[in-house]
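Let me begin by presenting the structure, written as C-alpha cells, before commenting on it.
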Amino acid sequence: MEIEQLEKVASQVRRDIVRMVHGCQSGHPGGSLGCTDLLVALYFERMKLKEQDGKGVFDMNGTDEDMFFLSNGHISPVWYSVLARKGYFPVSELATFRKLNSRLQGHPTTHEHLEGIRIASGSLGQGMSVAIGAALSKKLNNDKGIVYVLMGDGEQQEGQVWEAATFAPHHQVDNLVAFIDLNGQQIDGPTVKVMNNRDLGAKYEAFGWEVISIEEGNDMAAVLKGLYEAKGRLGHGRPIMVLLHTGMGYGVDFMMGSHKWHGVAPNDEQLAAALAQLEETLGDY
Amino acid sequence: MKKYTFTEKKDTRSGFGAGMHVLGQQNPNVVALCADLVGSLKLEPFIKENPERFVQCGISEANMIGISAGLTIGGKIPFATTFANFATGRVYDQIRQSVAYSNKNVKICASHAGLTLGEDGATHQILEDIGMMKMLPGMTVINPCDYNQTKAATIAIADYEGPVYLRFGRPVIPVFTDADQKFEIGKAWMVNEGTDVSIFATGHMVWEAIQAGELLEAEGINAEIINIHTIKPLDEEAVLKSIGKTGCVVTAEEHNRLGGLGDSIAQVIVKNKLVPQEYVAVNDSFGESGTPAQLMEKYGLTAKDIVNAAKRAIARK
C-alpha cells in the first residue's frame with residue numbers, strides 16, 4: 001500500500017478510536033491515537049498475513065504468517081479498529097466496544113473468540129513473555145514468520161518485562177521484534193516523574209538486544225522505514241527492540257502530549273472537535 | 001476390605017519425571033520448561049533425549065508462565081515446572097490472565113507441595129495452592145497419590161486440551177497403585193468400599209487414609225476410602241453415592257483447611273444432602289521446618305488423625 005493510502009487508513013482508525021471511546025464513555029484514547037501509525041503500517045503493509053479477497057483471515061496458531069501481540073492491552077481501541085478495517089470482523093462491531101455482551105471487551109481477550117486476538121492482555125508486563133513463547137513455537141515448527149509485540153513505556157516498570165528481556169537474548173530469540181511506545185506519559189503523569197525509566201535503549205542493549213529507534217513514530221514514512229530496518233536485522237541471534245517515539249493523543253490537538261487523555265472519553269463537543277480534525281476516508285462504522 | 005501393600009517407596013515428583021520421559025518419546029509437541037529446578041523436578045531423562053524441547057527459564061517464574069502461554073500458539077503443549085509455591089502464588093496473575101482467561105493449553109506442574117517439603121520451612125511449603133488454582137474458571141486441578149499415579153496423570157494431561165494444575169511432592173512414600181493404570185481425569189478412584197464413614201483423601205493423604213481404614217477396621221468400623229485425585233472437576237456423582245451409603249464424611253488433604261478439597265466436598269454436601277463432615281487439614285496456619293514425618297504429626301495429618309476424625313463424624317450422625 002502507498003504511504004498516502006496508509007495515511008488514509010490511519011485517519012479512519014483515529015476516527016474509529018475517538019468514536020468508540022465516546023460511544024461507551026470509557027476507554028483509552030491517548031495511547032491508541034499515538035500507536036495508530038504503527039499498527040496500520042504493520043497490518044496494512046509490513047506483516048505477512050493470511051488473507052482472502054483482501055480481508056484478513058484469522059488463524060489462532062498463526063502458521064506461516066507474522067503475528068502481533070499487544071501487551072499494553074488498554075489501547076485496545078486502535079487494535080480493534082485496525083483488525084476490523086483489515087477485515088477480520090465486521091466494522092459495525094466496533095459500535096459494541098466495552099458494552100455488555102460484546103466481543104470487544106475493555107481489554108483484548110480470546111474469551112469471546114474475537115478474530116485477531118491470540119491472548120488476553122491488560123494486566124501489564126505479560127505480553128513480551130507470551131510473544132517470546134510464540135516465537136519459540138515458530139522456531140520449533142520451523143516457521144519463518146515474525147512475532148511482533150508492543151509494550152507501553154510505563155509498562156517497563158513491571159518486573160516481568162525484565163525477566164523476558166533477559167531471556168530473549170540468552171535464548172537467541174531472533175524472530176522477535178518488540179516495540180516500546182515512548183510517549184512519556186502514564187496515568188499519574190509524565191513517566192520521568194512517576195517512575196523514571198531512564199535510558200531504555202541502553203538498558204536493552206546491555207541486556208543483549210539490538211536496539212533501533214523510530215524518532216517520528218507518527219510519521220508513516222518513518223514508521224515504514226523503521227519496520228524495514230527492524231526486519232532486516234532479524235535472524236542474527238538477537239531480538240530487536242524498537243524505541244517508538246510517539247505523541248500520546250496524536251492527531252487530535254487537544255489530546256496531544258498529555259497524560260490527561262490516557263483513559264478519559266471525550267464528551268459530545270470534544271468528539272465533534274476531534275472528528276473535525278480527522279478525515280473520514282473509509283466510511284464511519 | 002482390600003489390603004494394599006507396597007514393595008518400595010518413591011517420591012511422586014519422580015513419577016512426574018518418569019511421565020515426562022514417556023511423553024518426550026511419544027508426543028513431539030510436548031515442551032518442558034523449568035525455572036532453575038531441573039534436578040528437583042526429575043526432568044533429566046526428558047532433557048537428555050529432547051534438548052531442543054526443553055526451555056530453561058532461569059529464576060523467573062512469571063516469564064515462564066507467559067512463555068508457556070505463547071508456546072501453545074503454534075500447537076505446542078508446554079509443561080511449566082517448578083516448586084508449587086512459585087508455580088501458583090508467585091505467578092497467580094500471569095496464570096489468571098495469560099493461561100486461564102486465555103484458555104491456553106498449559107500444564108502447570110508443581111513439585112514440593114505442602115508440608116512434606118520439610119526442612120525448607122514455610123516460605124516454600126505452600127498450603128493454599130489447591131484453593132487458588134481451583135478458583136480459576138476452566139482450570140483442572142489434579143493431586144495424585146503415589147509414584148505410579150503421578151506418572152499416569154502426567155501422561156494423561158498431555159492428551160487433555162486445556163489448562164491443568166498438577167500437584168505433587170518431594171518425600172518418598174509407598175507405591176501402592178498399579179504401574180499400568182489408566183488415569184481418568186475427573187474420575188474418583190474407589191480405594192476401599194465401606195458403610196460407616198466416607199473418607200475422601202487426596203495426594204499424600206491417600207496412603208494415610210488406607211492405614212486409617214485398617215485401624216478403624218480393627219475397631220469394627222467399616223470405612224469407605226475414595227481417592228479424589230482430581231479436585232476440579234470434582235466427581236460429584238461418586239461423592240454423593242458414597243455419602244448416601246455412609247451418612248458421614250472425613251476429608252483429608254495436605255493443604256489449608258480453607259479452600260481445598262474439604263471445602264469442595266462441603267459444597268456438594270450442602271447443595272445435596274446434609275451429613276456431618278470432619279476436616280483433616282492444616283488449620284489455617286503456615287508450616288515450619290522439620291522432617292516430613294514430624295510435620296505431618298504436628299499439624300495433624302496422620303492416619304491416627306483420620307481415625308479420630310472418622311469417629312467424630314460417626315458420632316455426629
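As shown in the C-alpha cells, the chain order sets the letters A, B, ...; within each chain, residues go from 1, and ligands are also counted from 1 in the order they appear.
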Distance table requested - chain A against chain B, cut-off 10 Å, only C-alpha atoms: one row per qualifying residue with the closest atom pair and its distance in Å to one decimal, ordered by chain and rising residue number, as a Markdown table.
```
| residue | atom | partner | partner_atom | distance |
| --- | --- | --- | --- | --- |
| A:Asp59 | CA | B:Gly74 | CA | 9.7 |
| A:Met60 | CA | B:Ile73 | CA | 6.7 |
| A:Asn61 | CA | B:Gly74 | CA | 4.3 |
| A:Gly62 | CA | B:Gly74 | CA | 6.7 |
| A:Thr63 | CA | B:Gly74 | CA | 6.6 |
| A:Asp64 | CA | B:Gly74 | CA | 9.8 |
| A:Pro108 | CA | B:Ser102 | CA | 10.0 |
| A:Thr109 | CA | B:Ser102 | CA | 6.7 |
| A:Thr110 | CA | B:Ser102 | CA | 5.4 |
| A:His111 | CA | B:Ser102 | CA | 6.0 |
| A:Glu112 | CA | B:Ser102 | CA | 9.7 |
| A:His113 | CA | B:Ser102 | CA | 9.9 |
| A:Ile117 | CA | B:Ser102 | CA | 9.8 |
| A:Arg118 | CA | B:Ile73 | CA | 7.6 |
| A:Ile119 | CA | B:Ser102 | CA | 5.5 |
| A:Ala120 | CA | B:Ser102 | CA | 5.5 |
| A:Ser121 | CA | B:Gln97 | CA | 6.9 |
| A:Gly122 | CA | B:Gln97 | CA | 8.3 |
| A:Ser123 | CA | B:Gln97 | CA | 7.3 |
| A:Leu124 | CA | B:Gln94 | CA | 9.7 |
| A:Gly125 | CA | B:Gln94 | CA | 9.2 |
| A:Gln126 | CA | B:Gly66 | CA | 6.2 |
| A:Gly127 | CA | B:Gly66 | CA | 7.4 |
| A:Met128 | CA | B:Gly66 | CA | 7.9 |
| A:Ser129 | CA | B:Gly66 | CA | 4.7 |
| A:Val130 | CA | B:Gly70 | CA | 4.2 |
| A:Ala131 | CA | B:Gly70 | CA | 5.9 |
| A:Ile132 | CA | B:Ile67 | CA | 5.9 |
| A:Gly133 | CA | B:Ile67 | CA | 3.9 |
| A:Ala134 | CA | B:Gly70 | CA | 4.3 |
| A:Ala135 | CA | B:Leu71 | CA | 7.7 |
| A:Leu136 | CA | B:Leu71 | CA | 6.7 |
| A:Ser137 | CA | B:Leu71 | CA | 5.0 |
| A:Lys138 | CA | B:Gly74 | CA | 6.7 |
| A:Lys139 | CA | B:Gly74 | CA | 9.9 |
| A:Leu140 | CA | B:Arg53 | CA | 7.9 |
| A:Asn141 | CA | B:Gly74 | CA | 7.6 |
| A:Asp143 | CA | B:Gly74 | CA | 9.3 |
| A:Gly159 | CA | B:Ala62 | CA | 9.0 |
| A:Gln160 | CA | B:Asn63 | CA | 6.0 |
| A:Val161 | CA | B:Asn63 | CA | 8.0 |
| A:Trp162 | CA | B:Asn63 | CA | 8.9 |
| A:Glu163 | CA | B:Asn63 | CA | 5.9 |
| A:Ala164 | CA | B:Asn63 | CA | 5.8 |
| A:Ala165 | CA | B:Asn63 | CA | 9.5 |
| A:Thr166 | CA | B:Gly58 | CA | 9.5 |
| A:Phe167 | CA | B:Cys57 | CA | 6.9 |
| A:Ala168 | CA | B:Cys57 | CA | 10.0 |
| A:His170 | CA | B:Cys57 | CA | 9.7 |
| A:His171 | CA | B:Val55 | CA | 8.7 |
```
Surrounding residues of His245 in chain A excluding itself and chain neighbours under 2 positions, 7 Å, only C-alpha atoms, as an MDAnalysis selection string:
chainID A and resid 181:183 214:217 243
Go ahead and save the picked residues with all heavy atoms, as a compact mmCIF listing (two decimals), in the first residue's frame.
```
# COMPACT_ATOMS: atom_id res chain seq x y z
N ASP A 181 6.27 1.90 23.17
CA ASP A 181 5.62 3.16 22.80
C ASP A 181 6.12 4.24 23.75
O ASP A 181 5.65 4.36 24.88
CB ASP A 181 4.10 2.99 22.91
CG ASP A 181 3.38 4.31 22.67
OD1 ASP A 181 3.99 5.22 22.06
OD2 ASP A 181 2.21 4.43 23.08
N LEU A 182 7.10 4.98 23.28
CA LEU A 182 7.69 6.02 24.12
C LEU A 182 6.89 7.31 23.97
O LEU A 182 7.29 8.21 23.24
CB LEU A 182 9.15 6.26 23.71
CG LEU A 182 10.18 5.23 24.19
CD1 LEU A 182 11.51 5.49 23.50
CD2 LEU A 182 10.36 5.29 25.70
N ASN A 183 5.77 7.39 24.69
CA ASN A 183 5.02 8.65 24.66
C ASN A 183 5.25 9.47 25.92
O ASN A 183 4.74 10.57 26.07
CB ASN A 183 3.52 8.40 24.41
CG ASN A 183 2.87 7.56 25.49
OD1 ASN A 183 3.36 7.51 26.62
ND2 ASN A 183 1.78 6.91 25.16
N ILE A 214 12.69 4.70 16.20
CA ILE A 214 11.90 5.44 15.22
C ILE A 214 11.56 6.76 15.90
O ILE A 214 10.72 6.80 16.82
CB ILE A 214 10.63 4.66 14.82
CG1 ILE A 214 11.01 3.32 14.17
CG2 ILE A 214 9.77 5.51 13.86
CD1 ILE A 214 9.81 2.45 13.78
N GLU A 215 12.27 7.79 15.50
CA GLU A 215 12.13 9.08 16.20
C GLU A 215 10.78 9.73 15.92
O GLU A 215 10.23 10.43 16.76
CB GLU A 215 13.26 10.04 15.79
CG GLU A 215 14.67 9.55 16.15
CD GLU A 215 14.91 9.46 17.64
OE1 GLU A 215 14.20 10.14 18.42
OE2 GLU A 215 15.81 8.67 18.05
N GLU A 216 10.26 9.50 14.71
CA GLU A 216 8.97 10.11 14.34
C GLU A 216 7.93 9.00 14.21
O GLU A 216 7.57 8.59 13.11
CB GLU A 216 9.11 10.88 13.01
CG GLU A 216 10.13 12.01 13.06
CD GLU A 216 9.72 13.13 13.99
OE1 GLU A 216 8.50 13.32 14.20
OE2 GLU A 216 10.62 13.82 14.52
N GLY A 217 7.48 8.53 15.34
CA GLY A 217 6.57 7.38 15.35
C GLY A 217 5.17 7.68 14.86
O GLY A 217 4.34 6.77 14.76
N LEU A 243 12.50 1.43 19.69
CA LEU A 243 12.01 2.52 20.54
C LEU A 243 11.19 3.44 19.66
O LEU A 243 11.71 4.15 18.80
CB LEU A 243 13.19 3.27 21.17
CG LEU A 243 14.14 2.41 22.00
CD1 LEU A 243 15.31 3.26 22.51
CD2 LEU A 243 13.42 1.74 23.16
```
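Relative to CA of Arg103 in chain A, CA of Val21 in chain A is found at 15.3 Å.
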Identify, on the basis of only C-alpha atoms, every residue whose closest approach to Ala153 in chain B does not exceed 12 Å; exclude the query and any residue fewer than 5 positions from it along the same chain; express the result as a VMD selection string.
chain B and resid 12 to 13 15 to 20 22 to 23 107 109 140 to 148 158 to 160 164 to 168 179 to 187 229 to 230
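Comparing B:Glu44, B:Asp36, B:Asp284, B:Glu193 by their smallest distance to Phe83 in chain B, the closest is B:Asp36 (using only C-alpha atoms).
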Just asking: which residues within range 51-181 of chain B are alpha helix (DSSP H) according to DSSP, as a PyMOL selection string?
chain B and resi 61-72+84-87+92-94+129-134+147-158
Rounded to one decimal, what separation in Å do you get between CA of Glu208 in chain B and CA of Ile243 in chain B?
20.2 Å
Find the spatial neighbours of Val252 in chain A, counting only C-alpha atoms, within a cut-off of 8 Å - ignore same-chain residues fewer than 2 positions away - and output them as a PyMOL selection string.
chain A and resi 249-250+254-256+274+277-278
Deliver the residues from the most recent selection as a file, using C-alpha atoms, as a PDB file, in the first residue's frame.
```pdb
ATOM      1  CA  GLY A 249      -3.225  11.548  21.598  1.00  0.00           C
ATOM      2  CA  TYR A 250      -1.578  12.255  18.229  1.00  0.00           C
ATOM      3  CA  PHE A 254      -6.346  18.957  22.456  1.00  0.00           C
ATOM      4  CA  MET A 255      -5.482  15.353  23.377  1.00  0.00           C
ATOM      5  CA  MET A 256      -1.845  15.552  22.355  1.00  0.00           C
ATOM      6  CA  ALA A 274     -11.814  15.748  17.288  1.00  0.00           C
ATOM      7  CA  GLN A 277      -9.527  17.179  12.566  1.00  0.00           C
ATOM      8  CA  LEU A 278      -9.717  13.627  11.205  1.00  0.00           C
TER       9      LEU A 278
END
```
Please provide the set of residues having any atom within 6 Å of range 66-79 of chain A, restricted to only C-alpha atoms, with same-chain residues fewer than 6 positions apart removed, written as a list of chain:residue names.
A:Ile17, A:His28, A:Gly31, A:Ser32, A:Met47, A:Lys48, A:His107, A:Ser121, A:Gly122, A:Gly127, A:Gly145, A:Ile146, A:Val147, A:Tyr148, A:Val149, A:Leu150, A:Met151, A:Gly152
